[in-house]
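Chemist: Sharing a structure with you now.
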Amino acid sequence: MDLENLKDRNIGEQKYRMLDLEPTPTTGWGKFKRVLRRSVKLELLVGLKVTIREMFKALFMGEMHTVKYPFEKLPISPRYRAIHEMKRLLESGHYRCIGCGLCEKICISDCIRMDTRYDENQRKEVSEYTINFGRCIFCGYCAEVCPELAIVHGGRYETASEQRASFSLFEDMLTPIDKLKEQKEYPGFGAVSPNADENIKPTPLAY
Amino acid sequence: MSENLITVTIDGIECKAKEGEYLLNIARANDIFIPAICYLTRCSPTLACRICLVEADGKRVYACNAKAKDGMNIVTQTEEILEERKAIMQVYDVNHPLQCGVCDQHGECELQNYTLELAIDTQEYAIADTKREVKDWSSVLHYDAGLCIVCERCVTVCKDMIGDAAIKTGPRGGDKLDKELKESMPKDAYAMWNKLQKSIIVPSNGTDHTNCSDCGECTAVCPVGALTERDFIYKANPWDLREVPSACAHCSSACHIYYETRSESISNPEEKIFRVKNEWNYQTLCGAGRFGYDYENRDAKRDPDALVRAAETVKSAGTIKFNSMITNEEALMLQTIKEKFGVKLVNNEVKPFQEFLKHYAKAAGHMLYKDSFADMRECDFIISVGSKLRNDNPAARYLFNNIQKMNKGAGIYFHPVGDTLIPTFGKSIMTFEHKPHDEEYALLLILKLFGDHEKLPESVKEKFNEDLVARLGGDSESFEATFEKMMKKKESFALMVGEDLYYHPKAANLAKLVALVEESTEFKVAFIPPKSNALGVALICDLDQECEGVVVGYNEPGDFKISALGDGEFDIPAMNQQEGTITNMNKRVVVLNAALDYNGYTLNDIMNKLGLGESLTVDWTSKLPLNKGYQVARFDDLPDGFKNDMSENRGYLLANLSVEREEIELEEFNEKALEGDIAYRCNPQRQFNDFSDKAHQIFEKFALYASPERAEELGERVRVDFGESGAIELPVEVDERISGEIVEVPDFKSAYGVYDLFGQNRYAEVKITKV
Amino acid sequence: MDGYIIGTVIKAILILAVISALAGFGTYIERKVLAFVQRRLGPMHVGPFGLLQILADGIKLFTKEDFIPSGANRIVFMIAPAITAATAFIALAAVPLLPEFEIFGVTIKPIVSDLNIGLLFVIAMMGVGLYGPLLAGMAQENKWGIIGSARTAIQFLSYEVVTGLSLLAPIMMVGSLSLIDFNEYQAGGIGNWIVWTQPLAFILFLISGFAETNRTPFDLLENEAEVISGYATEYSGMRWGMFFIGEYANMITIGFLAALIFLGGFNPLGFIPGGIAIILKVSFFFFLMLWVRSAWPHIRPDQLMWLCWKVLMPLAVINILVTGIVMMV
């Protein structure tokens with residue numbers, strides 16, 4: 001499911017109705033009338049009708065609400081913020097992370113840490129990168145601040161583990177090199193807005 | 001120093017300033033912001049960036065080189081100026097890579113700051129880029145020309161402050177600017193760009209490598225990530241580093257530094273110093289200060305048995321031998337031990353200095369030299385006697401150089417070991433390569449030239465009859481004319497007294513002469529204490545001459561070694577792991593803070609075992625001896641920093657107490673000249689002690705240093721025979737800036753016992769044989 | 001005579017076993033029905049369609065710690081659940097569950113004891129059942145338990161009046177208290193069902209049946225929103241389970257009674273044999289209780305009393321009067 005479909009999803013139809021509540025009768029006669037009305041009008045049976053209708057819908061019209069969670073999963077929003085993914089450059093397969101440390105800086109739960117070094121090609125290389133998922137609150141700041149869209153939030157939301165301070169390494173989050181072709185551009189939190197071009201001015205180039 | 005203050009108005013704020021002061025400095029001193037990239041407070045204006053443009057009485061001037069006049073009215077920001085500044089910043093951003101993420105300056109970059117400050121959100125200019133190579137200039141310097149904005153701050157600081165002048169601007173080979181731009185774009189931005197397109201920074205010796213003292217000050221002043229320390233490249237982001245203000249403990253200058261620490265890596269959470277920063281607008285560091293930081297005593301543990309053993313050993317010891325790598329507090333503890341248990345205190349580095357100070361005090365009537373090096377910055381005539389300026393104390397050398405450059409000053413350098421760098425500091429520098437032990441004549445010459453002859457005793461005046469200039473190895477015929485030229489327009493004078501005088505056989509004589517200079521001339525006089533906390537130790541401890549009984553070595557070799565180097569029987573914290581104070585050469589008690597964790601015991605713990613301790617080491621701070629000029633000040637109350645007007649606000653100044661004065665009587669000057677090979681006890685640049693040697697970025701070897709010619713003669717390895725006191729075998733290293741025959745033997749490794757070889761002297765007659 | 005005793009014992013054991021099992025099955029059905037009504041799936045994963053959930057629950061109930069609060073009256077506390085369960089089963093003794101059938105040449109009456117006052121016995125036993133919750137609540141030294149007990153007393157006692165009065169009219173018509181006589185009275189097919197002649201009595205009996213079995217909307221005895229768990233607050237494990245079994249056994253009893261008295265009992269229904277017919281009828285009543293639970297909210301105790309004494313009881317009396325007048329005329 002991508003963002004467009006998600007926008008069409010019925011989340012809250014807002015079809016509320018005001019109940020036309022009559023004032024509570026105070027006199028004995030009024031109360032009696034109400035009992036009579038309610039009994040004779042069989043208002044009580046309306047409840048029974050509704051419940052049996054729902055039951056039939058569930059059983060015979062396939063409108064069962066239950067999602068058998070571990071066996072079937074609901075589609076999640078592309079803006080959902082679950083376990084991070086580290087993306088690669090599609091052209092070279094090299095990881096996108098440039099080791100700028102902005103995610104480390106912005107992280108409000110202080111769970112990102114990276115070690116960088118000066119590599120043989122005179123570039124900044126990320127020698128180690130970890131996110132402590134025991135502390136991560138999945139706020140999405142790291143994805144938002146990343147200048148390279150290298151760290152993004154993926155859809156893997158099952159984070160239960162035997163250790164409270166579950167720990168993840170760069171390699172675990174990185175798109176496997178053989179799955180590079182399946183890597184999709186991330187449309188969610190922190191991604192370039194579709195109309196980004198309208199909001200920036202071009203920079204002149206001398207050549 | 002004239003006290004005629006004038007008033008200028010900057011943005012409606014009235015500021016008092018000295019006549020002729022640069023506007024930018026006045027603004028900075030008064031906390032008014034004027035953007036400036038290329039200007040350094042204590043250096044000459046470069047006028048490379050042109051961004052400090054302001055309007056003075058309606059005229060556009062550059063704040064960095066416009067001098068203040070009384071009643072001047074300055075506006076720092078107008079529409080046009082803003083336009084100009086914006087254009088300048090746009091031009092700076094033209095071919096500067098804007099992938100800030102992979103730059104070490106990211107976060108503390110002035111280009112970033114000013115681009116944001118001036119809200120540059122569009123780029124109107126473009127020009128083809130040229131290929132600019134990344135280069136390693138030396139073992140510590142890394143230059144990424146691609147990031148360089150050619151503000152020339154590095155060139156300026158290297159010339160005006162350091163004196164090496166090891167870098168300069170060179171051709172860049174960039175495209176010429178379009179002529180139309182001259183009409184269309186703001187003119188200062190155009191001029192700046194024009195210059196920018198033409199130049200790049202290169203080593204000034206024409207090679208790919210700088211030949212300098214590797215102080216790294218250029219990396220500190222670099223506003224962008226172009227010049228960086230090789231070791232620090234891509235290791236940490238500035239915002240991750242914890243800044244610990246402290247003082248460098250390597251030499252007696254005790255410069256203010258910031259240790260920047262962070263846990264070492266993901267796998268090793270131990271705190272580690274990543275680099276050292278300084279307030280480069282106020283104080284300049286040397287290579288040892290900047291790179292010699294990782295000498296901490298890392299693996300110290302608390303072993304109660306060792307503590308008991310150490311306490312017993314100290315109590316029953318005959319002597320505690322230590323050096324000046326010690327805080328005032330620890331020195332006071334040792335002194336307390338001496339008073340309680342009668343243990344002797346021996347300190348080879350400080351003892352002669354202490355003696356010298358005593359003689360001086362008797363002659364001068366006050367305990368300490370009158371002036372401090374900080375006061376000398378305004379002087380325009382400086383004389384150095386008895387100090388191997390380049391090696392002994394970088395701060396003194398920077399001062400000597402800075403006076404030449406900034407105050408159009410003149411200088412005289414007296415030293416037996418020839419130095420090819422000092423004369424390059426300025427045009428009016430006279431050097432005297434006199435014979436060892438002839439410092440007396442240097443002082444006499446000063447007295448003769450500058451002294452109030454009526455105040456001088458006859459015994460001194462008698463000596464004036466001799467041809468002092470010739471005696472000092474100068475040309476007495478041309479001297480007069482040259483000296484007259486040097487003296488033109490000179491108003492204030494300074495004399496730096498160095499270590500050679502303290503280790504002189506006639507140190508008492510010299511002390512008296514120095515006192516005479518101070519009394520009878522207009523000179524500001526200051527001493528360079530021989531090693532880091534030598535002044536503190538000299539004031540606090542009562543030192544003995546000779547070792548006796550069991551020797552406890554305190555960072556020194558001994559029968560029982562208490563050491564911060566991690567090689568002793570008992571561990572104590574190194575200077576970057578403990579709180580304390582140091583008395584520096586400016587007579588200031590400055591603060592040391594602990595940058596790193598320390599897990600072992602301290603000297604105070606031994607004191608507690610002996611029943612003499614305080615609850616904290618820094619509780620001793622307020623107990624420093626009042627009769628030596630110290631104050632009752634709590635450690636936590638001591639300030640640490642600089643004020644906007646460059647004044648030092650660190651710790652407190654020692655009071656210069658009066659002592660009883662004795663009549664000056666000079667002994668006969670009949671010192672026998674040294675003959676044959678002469679060795680001079682002198683450390684290579686950036687090496688001061690075992691601790692600087694331990695640091696991984698200090699590469700200078702423990703070797704015999706000689707001039708290139710002399711090194712050629714000596715071969716690769718020599719044995720230096722000191723006669724009765726022993727001999728030492730050393731490899732030979734070339735120091736290209738030495739001239740003459742005298743060789744230098746370093747003393748920074750205490751294990752070699754170099755002080756014992758030289759005795760109470762810095763010069764020795766030796767026999768050098770090839771090995 | 002020996003055969004009679006053995007047969008009775010076998011019948012008793014069978015009823016005990018089957019009804020207990022049905023009570024367990026009832027919990028499964030209840031969960032499933034409530035789930036479907038709420039468009040959920042209910043128990044799914046233990047056994048096929050989650051059927052073994054009953055077993056899992058059984059294991060859980062049996063293995064849970066059986067604790068008795070320190071301040072409780074131990075003996076009463078321990079006996080109370082047994083009273084509930086026992087009376088529920090004893091009541092079933094006089095209820096003909098199925099039509100007579102032959103097996104191995106022996107005619108078997110699926111009733112433990114065909115008392116001539118069967119209906120009175122059943123109602124009496126269900127009335128005695130009030131002692132279970134009453135004593136349980138009072139024995140456990142818990143204020144919620146006491147409130148639960150009080151509610152037990154007023155609710156059960158009050159609605160017993162309505163049950164009795166509502167059944168009086170059919171009894172007057174049939175002229176017997178034996179449930180088999182009721183069955184035979186309606187043997188003529190759907191048209192002969194007493195529900196057509198006594199609709200009001202049927203409705204009154206159903207309402208009071210809900211109250212007597214402590215079902216929503218009258219489950220005030222252990223309404224957790226108000227009184228934690230009422231009389232069962234301090235109970236755990238199998239003792240609590242016995243209350244549960246009693247409740248479900250009572251539900252089945254009420255289902256049988258309603259089917260026998262008003263809906264033609266185990267008479268064959270067209271092509272449907274009588275045995276199947278009564279099971280279908282009882283199942284319908286069981287389902288109705290669940291259905292009602294899913295649809296209607298609780299009522300307040302005061303509303304409960306108001307309903308009993310001011311509405312249902314007068315209606316029942318009027319119903320008897322009218323029936324009597326019609327019969328006289």
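By convention here, the chains of the structure tokens are called A, B, ... in the order presented, each chain's residues are numbered starting at 1, and ligands are numbered starting at 1 in the order presented.
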Select residues of chain C: the criterion is any atom within 8 Å of an atom of chain A, counting only C-alpha atoms; output as a ChimeraX atom specification.
Modeler: /C:36-41,291-292,294-296
Chemist: May I have the residues from that selection written out with N, CA and C atoms, as a PDB file, in the first residue's frame?
Modeler:
ATOM      1  N   PHE C  36     -19.104 -13.656  17.907  1.00  0.00           N
ATOM      2  CA  PHE C  36     -19.718 -13.461  16.584  1.00  0.00           C
ATOM      3  C   PHE C  36     -20.563 -12.203  16.558  1.00  0.00           C
ATOM      4  N   VAL C  37     -21.299 -12.021  17.650  1.00  0.00           N
ATOM      5  CA  VAL C  37     -22.149 -10.832  17.716  1.00  0.00           C
ATOM      6  C   VAL C  37     -21.296  -9.563  17.606  1.00  0.00           C
ATOM      7  N   GLN C  38     -20.117  -9.634  18.184  1.00  0.00           N
ATOM      8  CA  GLN C  38     -19.224  -8.477  18.107  1.00  0.00           C
ATOM      9  C   GLN C  38     -18.293  -8.572  16.906  1.00  0.00           C
ATOM     10  N   ARG C  39     -18.619  -9.439  15.993  1.00  0.00           N
ATOM     11  CA  ARG C  39     -17.845  -9.667  14.766  1.00  0.00           C
ATOM     12  C   ARG C  39     -16.392 -10.015  15.087  1.00  0.00           C
ATOM     13  N   ARG C  40     -16.239 -10.815  16.135  1.00  0.00           N
ATOM     14  CA  ARG C  40     -14.915 -11.347  16.421  1.00  0.00           C
ATOM     15  C   ARG C  40     -14.928 -12.831  16.137  1.00  0.00           C
ATOM     16  N   LEU C  41     -13.809 -13.489  16.387  1.00  0.00           N
ATOM     17  CA  LEU C  41     -13.738 -14.913  16.115  1.00  0.00           C
ATOM     18  C   LEU C  41     -13.909 -15.775  17.353  1.00  0.00           C
ATOM     19  N   TRP C 291     -27.719 -14.049  23.658  1.00  0.00           N
ATOM     20  CA  TRP C 291     -28.095 -12.968  22.747  1.00  0.00           C
ATOM     21  C   TRP C 291     -28.472 -11.738  23.557  1.00  0.00           C
ATOM     22  N   VAL C 292     -29.301 -11.959  24.556  1.00  0.00           N
ATOM     23  CA  VAL C 292     -29.715 -10.850  25.411  1.00  0.00           C
ATOM     24  C   VAL C 292     -28.509 -10.237  26.100  1.00  0.00           C
ATOM     25  N   SER C 294     -25.600 -10.023  25.015  1.00  0.00           N
ATOM     26  CA  SER C 294     -24.806  -9.225  24.105  1.00  0.00           C
ATOM     27  C   SER C 294     -25.492  -7.907  23.770  1.00  0.00           C
ATOM     28  N   ALA C 295     -26.812  -7.834  23.968  1.00  0.00           N
ATOM     29  CA  ALA C 295     -27.510  -6.652  23.493  1.00  0.00           C
ATOM     30  C   ALA C 295     -27.875  -5.665  24.586  1.00  0.00           C
ATOM     31  N   TRP C 296     -28.135  -6.176  25.773  1.00  0.00           N
ATOM     32  CA  TRP C 296     -28.738  -5.282  26.771  1.00  0.00           C
ATOM     33  C   TRP C 296     -27.795  -4.977  27.920  1.00  0.00           C
TER      34      TRP C 296
END
Chemist: Excluding Gly129 in chain C and any residue of its chain fewer than 6 positions from it, enumerate the residues within 12 Å of it, using only C-alpha atoms, and give them as a list in words.
Modeler: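 Here the qualifying residues turn out to be Ala80, Pro81, Ala82, Ile83, Thr84, Ala85, Ala86, Thr87, Ala88, Phe89, Ile90, Ala91, Val122, Ile123, Leu135, Ala136, Thr152, Ala153, Phe156, Leu157, Glu160, Glu212, Thr213, Asn214, Phe243, Gly246, Glu247, Ala249 and Asn250 of chain C.
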Chemist: Create the file for the chosen residues now, containing C-alpha atoms and written as an mmCIF file, in the first residue's frame.
Modeler:
data_model
loop_
_atom_site.group_PDB
_atom_site.id
_atom_site.type_symbol
_atom_site.label_atom_id
_atom_site.label_comp_id
_atom_site.auth_asym_id
_atom_site.auth_seq_id
_atom_site.Cartn_x
_atom_site.Cartn_y
_atom_site.Cartn_z
ATOM 1 C CA ALA C 80 -21.240 -22.642 49.602
ATOM 2 C CA PRO C 81 -20.165 -23.417 46.030
ATOM 3 C CA ALA C 82 -21.197 -27.014 46.482
ATOM 4 C CA ILE C 83 -24.708 -25.855 47.437
ATOM 5 C CA THR C 84 -25.006 -23.890 44.209
ATOM 6 C CA ALA C 85 -23.825 -26.754 42.058
ATOM 7 C CA ALA C 86 -25.734 -29.420 43.947
ATOM 8 C CA THR C 87 -29.104 -27.666 43.954
ATOM 9 C CA ALA C 88 -28.744 -26.929 40.265
ATOM 10 C CA PHE C 89 -28.265 -30.611 39.516
ATOM 11 C CA ILE C 90 -30.877 -31.808 42.015
ATOM 12 C CA ALA C 91 -33.442 -29.571 40.358
ATOM 13 C CA VAL C 122 -37.756 -27.939 40.649
ATOM 14 C CA ILE C 123 -38.801 -24.484 41.730
ATOM 15 C CA LEU C 135 -23.574 -18.032 52.259
ATOM 16 C CA ALA C 136 -20.546 -17.584 50.002
ATOM 17 C CA THR C 152 -28.671 -12.436 46.145
ATOM 18 C CA ALA C 153 -31.259 -12.402 48.866
ATOM 19 C CA PHE C 156 -33.670 -14.433 44.201
ATOM 20 C CA LEU C 157 -36.428 -14.105 46.762
ATOM 21 C CA GLU C 160 -39.149 -16.470 42.977
ATOM 22 C CA GLU C 212 -32.996 -16.527 38.879
ATOM 23 C CA THR C 213 -30.061 -17.672 36.820
ATOM 24 C CA ASN C 214 -28.244 -14.421 37.475
ATOM 25 C CA PHE C 243 -20.576 -21.430 40.931
ATOM 26 C CA GLY C 246 -24.254 -24.180 38.837
ATOM 27 C CA GLU C 247 -25.116 -21.101 36.825
ATOM 28 C CA ALA C 249 -26.824 -25.928 34.912
ATOM 29 C CA ASN C 250 -29.526 -23.515 36.025
#
Chemist: Between CA of Gly101 in chain B and CA of Ser127 in chain A, what distance in Å does the model show, to one decimal?
Modeler: 15.7 Å
Chemist: Would you kindly report the residues of chain B within 6 Å of chain A, using only C-alpha atoms, as a ChimeraX atom specification?
Modeler: /B:101-102,123,126-128,234-235
Chemist: Range 30-180 of chain A: which residues are strand (DSSP E) by DSSP, as an MDAnalysis selection string?
Modeler: chainID A and resid 84:86 112:118 124:132 151:153 167:169
Chemist: Which is closest to Arg135 in chain A among A:Val152, A:Met86, A:Ile112, A:Leu42, if we use only C-alpha atoms?
Modeler: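 Closest to Arg135 in chain A, using only C-alpha atoms: A:Ile112.
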Chemist: Pick out the residues sitting within 10 Å of Val659 in chain B, and hand them over as a list in words; count only C-alpha atoms, and ignore anything fewer than 4 positions along from it in its own chain.
Modeler: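 With the cut-off at 10 Å, the set is Lys358, Ala361, Lys362, Ala363, Ala364, Gly365, His366, Met367 and Leu368 of chain B.
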Chemist: What is the CA of Lys524 in chain B to CA of Glu433 in chain B distance in Å?
Modeler: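 Between CA of Lys524 in chain B and CA of Glu433 in chain B the gap works out to 23.2 Å.
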Chemist: Once DSSP has gone over the backbone, tell me which residues of range 84-184 of chain A are in helix (DSSP H, G or I), as a ChimeraX atom specification.
Modeler: /A:102-106,141-145,170-173,177-182
Chemist: Could you turn the residues from that selection into a file that holds N, CA and C atoms, as a PDB file, in the first residue's frame?
Modeler:
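Listed below is the output, part-v1.pdb:
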ATOM      1  N   LEU A 102      24.345  13.604  12.203  1.00  0.00           N
ATOM      2  CA  LEU A 102      23.184  14.419  12.564  1.00  0.00           C
ATOM      3  C   LEU A 102      22.127  13.593  13.296  1.00  0.00           C
ATOM      4  N   CYS A 103      21.975  12.345  12.863  1.00  0.00           N
ATOM      5  CA  CYS A 103      20.981  11.496  13.537  1.00  0.00           C
ATOM      6  C   CYS A 103      21.403  11.273  14.977  1.00  0.00           C
ATOM      7  N   GLU A 104      22.689  11.106  15.158  1.00  0.00           N
ATOM      8  CA  GLU A 104      23.238  10.900  16.500  1.00  0.00           C
ATOM      9  C   GLU A 104      22.959  12.124  17.364  1.00  0.00           C
ATOM     10  N   LYS A 105      23.095  13.280  16.735  1.00  0.00           N
ATOM     11  CA  LYS A 105      22.912  14.517  17.482  1.00  0.00           C
ATOM     12  C   LYS A 105      21.452  14.749  17.828  1.00  0.00           C
ATOM     13  N   ILE A 106      20.577  14.505  16.848  1.00  0.00           N
ATOM     14  CA  ILE A 106      19.179  14.899  17.034  1.00  0.00           C
ATOM     15  C   ILE A 106      18.430  13.896  17.893  1.00  0.00           C
ATOM     16  N   TYR A 141      12.956  11.518  14.127  1.00  0.00           N
ATOM     17  CA  TYR A 141      13.828  12.663  13.882  1.00  0.00           C
ATOM     18  C   TYR A 141      15.042  12.298  13.036  1.00  0.00           C
ATOM     19  N   CYS A 142      15.568  11.109  13.273  1.00  0.00           N
ATOM     20  CA  CYS A 142      16.771  10.708  12.550  1.00  0.00           C
ATOM     21  C   CYS A 142      16.495  10.626  11.055  1.00  0.00           C
ATOM     22  N   ALA A 143      15.343  10.063  10.712  1.00  0.00           N
ATOM     23  CA  ALA A 143      15.003   9.964   9.295  1.00  0.00           C
ATOM     24  C   ALA A 143      14.762  11.346   8.728  1.00  0.00           C
ATOM     25  N   GLU A 144      14.195  12.198   9.538  1.00  0.00           N
ATOM     26  CA  GLU A 144      13.874  13.525   9.049  1.00  0.00           C
ATOM     27  C   GLU A 144      15.131  14.361   8.842  1.00  0.00           C
ATOM     28  N   VAL A 145      16.094  14.188   9.719  1.00  0.00           N
ATOM     29  CA  VAL A 145      17.272  15.043   9.658  1.00  0.00           C
ATOM     30  C   VAL A 145      18.293  14.512   8.658  1.00  0.00           C
ATOM     31  N   PHE A 170      24.655  -1.807  12.179  1.00  0.00           N
ATOM     32  CA  PHE A 170      24.517  -1.231  10.852  1.00  0.00           C
ATOM     33  C   PHE A 170      24.162  -2.302   9.818  1.00  0.00           C
ATOM     34  N   GLU A 171      24.879  -3.405   9.852  1.00  0.00           N
ATOM     35  CA  GLU A 171      24.705  -4.446   8.824  1.00  0.00           C
ATOM     36  C   GLU A 171      23.297  -5.042   8.880  1.00  0.00           C
ATOM     37  N   ASP A 172      22.736  -5.096  10.099  1.00  0.00           N
ATOM     38  CA  ASP A 172      21.405  -5.678  10.218  1.00  0.00           C
ATOM     39  C   ASP A 172      20.352  -4.812   9.552  1.00  0.00           C
ATOM     40  N   MET A 173      20.602  -3.525   9.562  1.00  0.00           N
ATOM     41  CA  MET A 173      19.589  -2.617   9.042  1.00  0.00           C
ATOM     42  C   MET A 173      19.803  -2.305   7.569  1.00  0.00           C
ATOM     43  N   ILE A 177      22.838  -6.569  -0.063  1.00  0.00           N
ATOM     44  CA  ILE A 177      23.326  -6.151  -1.376  1.00  0.00           C
ATOM     45  C   ILE A 177      22.609  -6.909  -2.497  1.00  0.00           C
ATOM     46  N   ASP A 178      22.192  -8.153  -2.225  1.00  0.00           N
ATOM     47  CA  ASP A 178      21.495  -8.907  -3.272  1.00  0.00           C
ATOM     48  C   ASP A 178      20.047  -8.466  -3.420  1.00  0.00           C
ATOM     49  N   LYS A 179      19.573  -7.692  -2.468  1.00  0.00           N
ATOM     50  CA  LYS A 179      18.186  -7.213  -2.562  1.00  0.00           C
ATOM     51  C   LYS A 179      18.157  -5.755  -2.991  1.00  0.00           C
ATOM     52  N   LEU A 180      19.280  -5.290  -3.511  1.00  0.00           N
ATOM     53  CA  LEU A 180      19.399  -3.884  -3.872  1.00  0.00           C
ATOM     54  C   LEU A 180      18.313  -3.464  -4.851  1.00  0.00           C
ATOM     55  N   LYS A 181      18.000  -4.353  -5.788  1.00  0.00           N
ATOM     56  CA  LYS A 181      17.014  -4.005  -6.822  1.00  0.00           C
ATOM     57  C   LYS A 181      15.619  -3.833  -6.229  1.00  0.00           C
ATOM     58  N   GLU A 182      15.394  -4.486  -5.110  1.00  0.00           N
ATOM     59  CA  GLU A 182      14.066  -4.378  -4.507  1.00  0.00           C
ATOM     60  C   GLU A 182      13.941  -3.165  -3.599  1.00  0.00           C
TER      61      GLU A 182
END
Chemist: Neighbours of range 486-502 of chain B within 6 Å (only C-alpha atoms; same-chain residues fewer than 6 positions away dropped), as a short mmCIF file (atom, residue, chain, number, x, y, z; two decimals) with N, CA and C atoms, in the first residue's frame?
Modeler:
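The resulting file, around_37.cif, is reproduced below:
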data_model
loop_
_atom_site.label_atom_id
_atom_site.label_comp_id
_atom_site.auth_asym_id
_atom_site.auth_seq_id
_atom_site.Cartn_x
_atom_site.Cartn_y
_atom_site.Cartn_z
N PRO B 352 67.90 25.15 41.15
CA PRO B 352 68.67 26.34 40.77
C PRO B 352 67.78 27.56 40.58
N PHE B 353 66.57 27.33 40.06
CA PHE B 353 65.65 28.44 39.85
C PHE B 353 65.25 29.05 41.18
N PHE B 356 68.06 31.05 42.38
CA PHE B 356 68.14 32.28 41.60
C PHE B 356 67.11 33.29 42.10
N CYS B 379 54.87 45.94 24.44
CA CYS B 379 56.22 46.46 24.28
C CYS B 379 56.65 46.44 22.82
N ASP B 380 57.63 47.28 22.52
CA ASP B 380 58.12 47.26 21.15
C ASP B 380 59.62 46.99 21.07
N PHE B 381 60.21 46.68 22.20
CA PHE B 381 61.62 46.31 22.17
C PHE B 381 61.79 45.17 23.16
N ILE B 382 62.25 44.03 22.67
CA ILE B 382 62.32 42.89 23.58
C ILE B 382 63.69 42.24 23.50
N ILE B 383 64.17 41.87 24.67
CA ILE B 383 65.48 41.22 24.73
C ILE B 383 65.31 39.89 25.43
N SER B 384 65.93 38.88 24.85
CA SER B 384 65.90 37.57 25.50
C SER B 384 67.32 37.19 25.87
N VAL B 385 67.50 36.87 27.13
CA VAL B 385 68.82 36.43 27.60
C VAL B 385 68.70 35.05 28.23
N GLY B 386 69.57 34.17 27.79
CA GLY B 386 69.68 32.89 28.48
C GLY B 386 68.55 31.93 28.23
N SER B 387 67.86 32.14 27.15
CA SER B 387 66.79 31.19 26.86
C SER B 387 66.91 30.72 25.44
N ALA B 410 61.52 45.73 17.88
CA ALA B 410 62.89 45.29 17.65
C ALA B 410 63.24 44.30 18.75
N SER B 428 64.28 44.12 12.59
CA SER B 428 65.21 44.72 13.55
C SER B 428 65.56 43.76 14.66
N PHE B 523 62.98 48.69 31.69
CA PHE B 523 62.58 47.36 31.21
C PHE B 523 61.54 46.71 32.09
N LYS B 524 60.62 46.04 31.38
CA LYS B 524 59.78 45.09 32.10
C LYS B 524 60.57 43.79 32.11
N VAL B 525 60.67 43.22 33.27
CA VAL B 525 61.49 42.01 33.37
C VAL B 525 60.62 40.84 33.82
N ALA B 526 60.78 39.74 33.14
CA ALA B 526 60.09 38.52 33.58
C ALA B 526 61.00 37.33 33.36
N PHE B 527 60.86 36.34 34.24
CA PHE B 527 61.67 35.13 34.15
C PHE B 527 60.86 34.04 33.47
N ILE B 528 61.58 33.20 32.77
CA ILE B 528 60.92 32.01 32.23
C ILE B 528 61.24 30.86 33.17
N PRO B 530 61.92 27.29 34.45
CA PRO B 530 62.49 26.26 33.59
C PRO B 530 61.49 25.22 33.09
#
Chemist: Please, what distance in Å, to one decimal, runs between CA of Val140 in chain B and CA of Asp214 in chain B?
Modeler: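 For CA of Val140 in chain B relative to CA of Asp214 in chain B, the distance reads 6.8 Å.
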Chemist: Give me the residues near Leu40 in chain B as number ranges by chain, where near means some atom within 9 Å (using only C-alpha atoms) and where sequence neighbours in that chain fewer than 3 positions away do not count.
Modeler: B: 36-37, 43-46, 64, 153, 156-157, 221, 280-281
Chemist: Could you give me, as a PyMOL selection string, the residues within 9 Å of Val9 in chain C, counting only C-alpha atoms and dropping anything in the same chain fewer than 5 positions from it?
Modeler: chain C and resi 4+14+112
Chemist: Mind writing the picked residues with N, CA and C atoms as an mmCIF file, in the first residue's frame?
Modeler:
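Once everything was written out, this is result-v2.cif:
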data_model
loop_
_atom_site.group_PDB
_atom_site.id
_atom_site.type_symbol
_atom_site.label_atom_id
_atom_site.label_comp_id
_atom_site.auth_asym_id
_atom_site.auth_seq_id
_atom_site.Cartn_x
_atom_site.Cartn_y
_atom_site.Cartn_z
ATOM 1 N N TYR C 4 -34.624 -50.464 39.436
ATOM 2 C CA TYR C 4 -35.015 -49.068 39.544
ATOM 3 C C TYR C 4 -33.888 -48.244 40.168
ATOM 4 N N LEU C 14 -25.409 -39.940 34.749
ATOM 5 C CA LEU C 14 -25.404 -39.446 33.384
ATOM 6 C C LEU C 14 -25.742 -37.952 33.346
ATOM 7 N N VAL C 112 -35.041 -38.714 36.191
ATOM 8 C CA VAL C 112 -34.549 -39.469 37.339
ATOM 9 C C VAL C 112 -35.700 -39.877 38.226
#
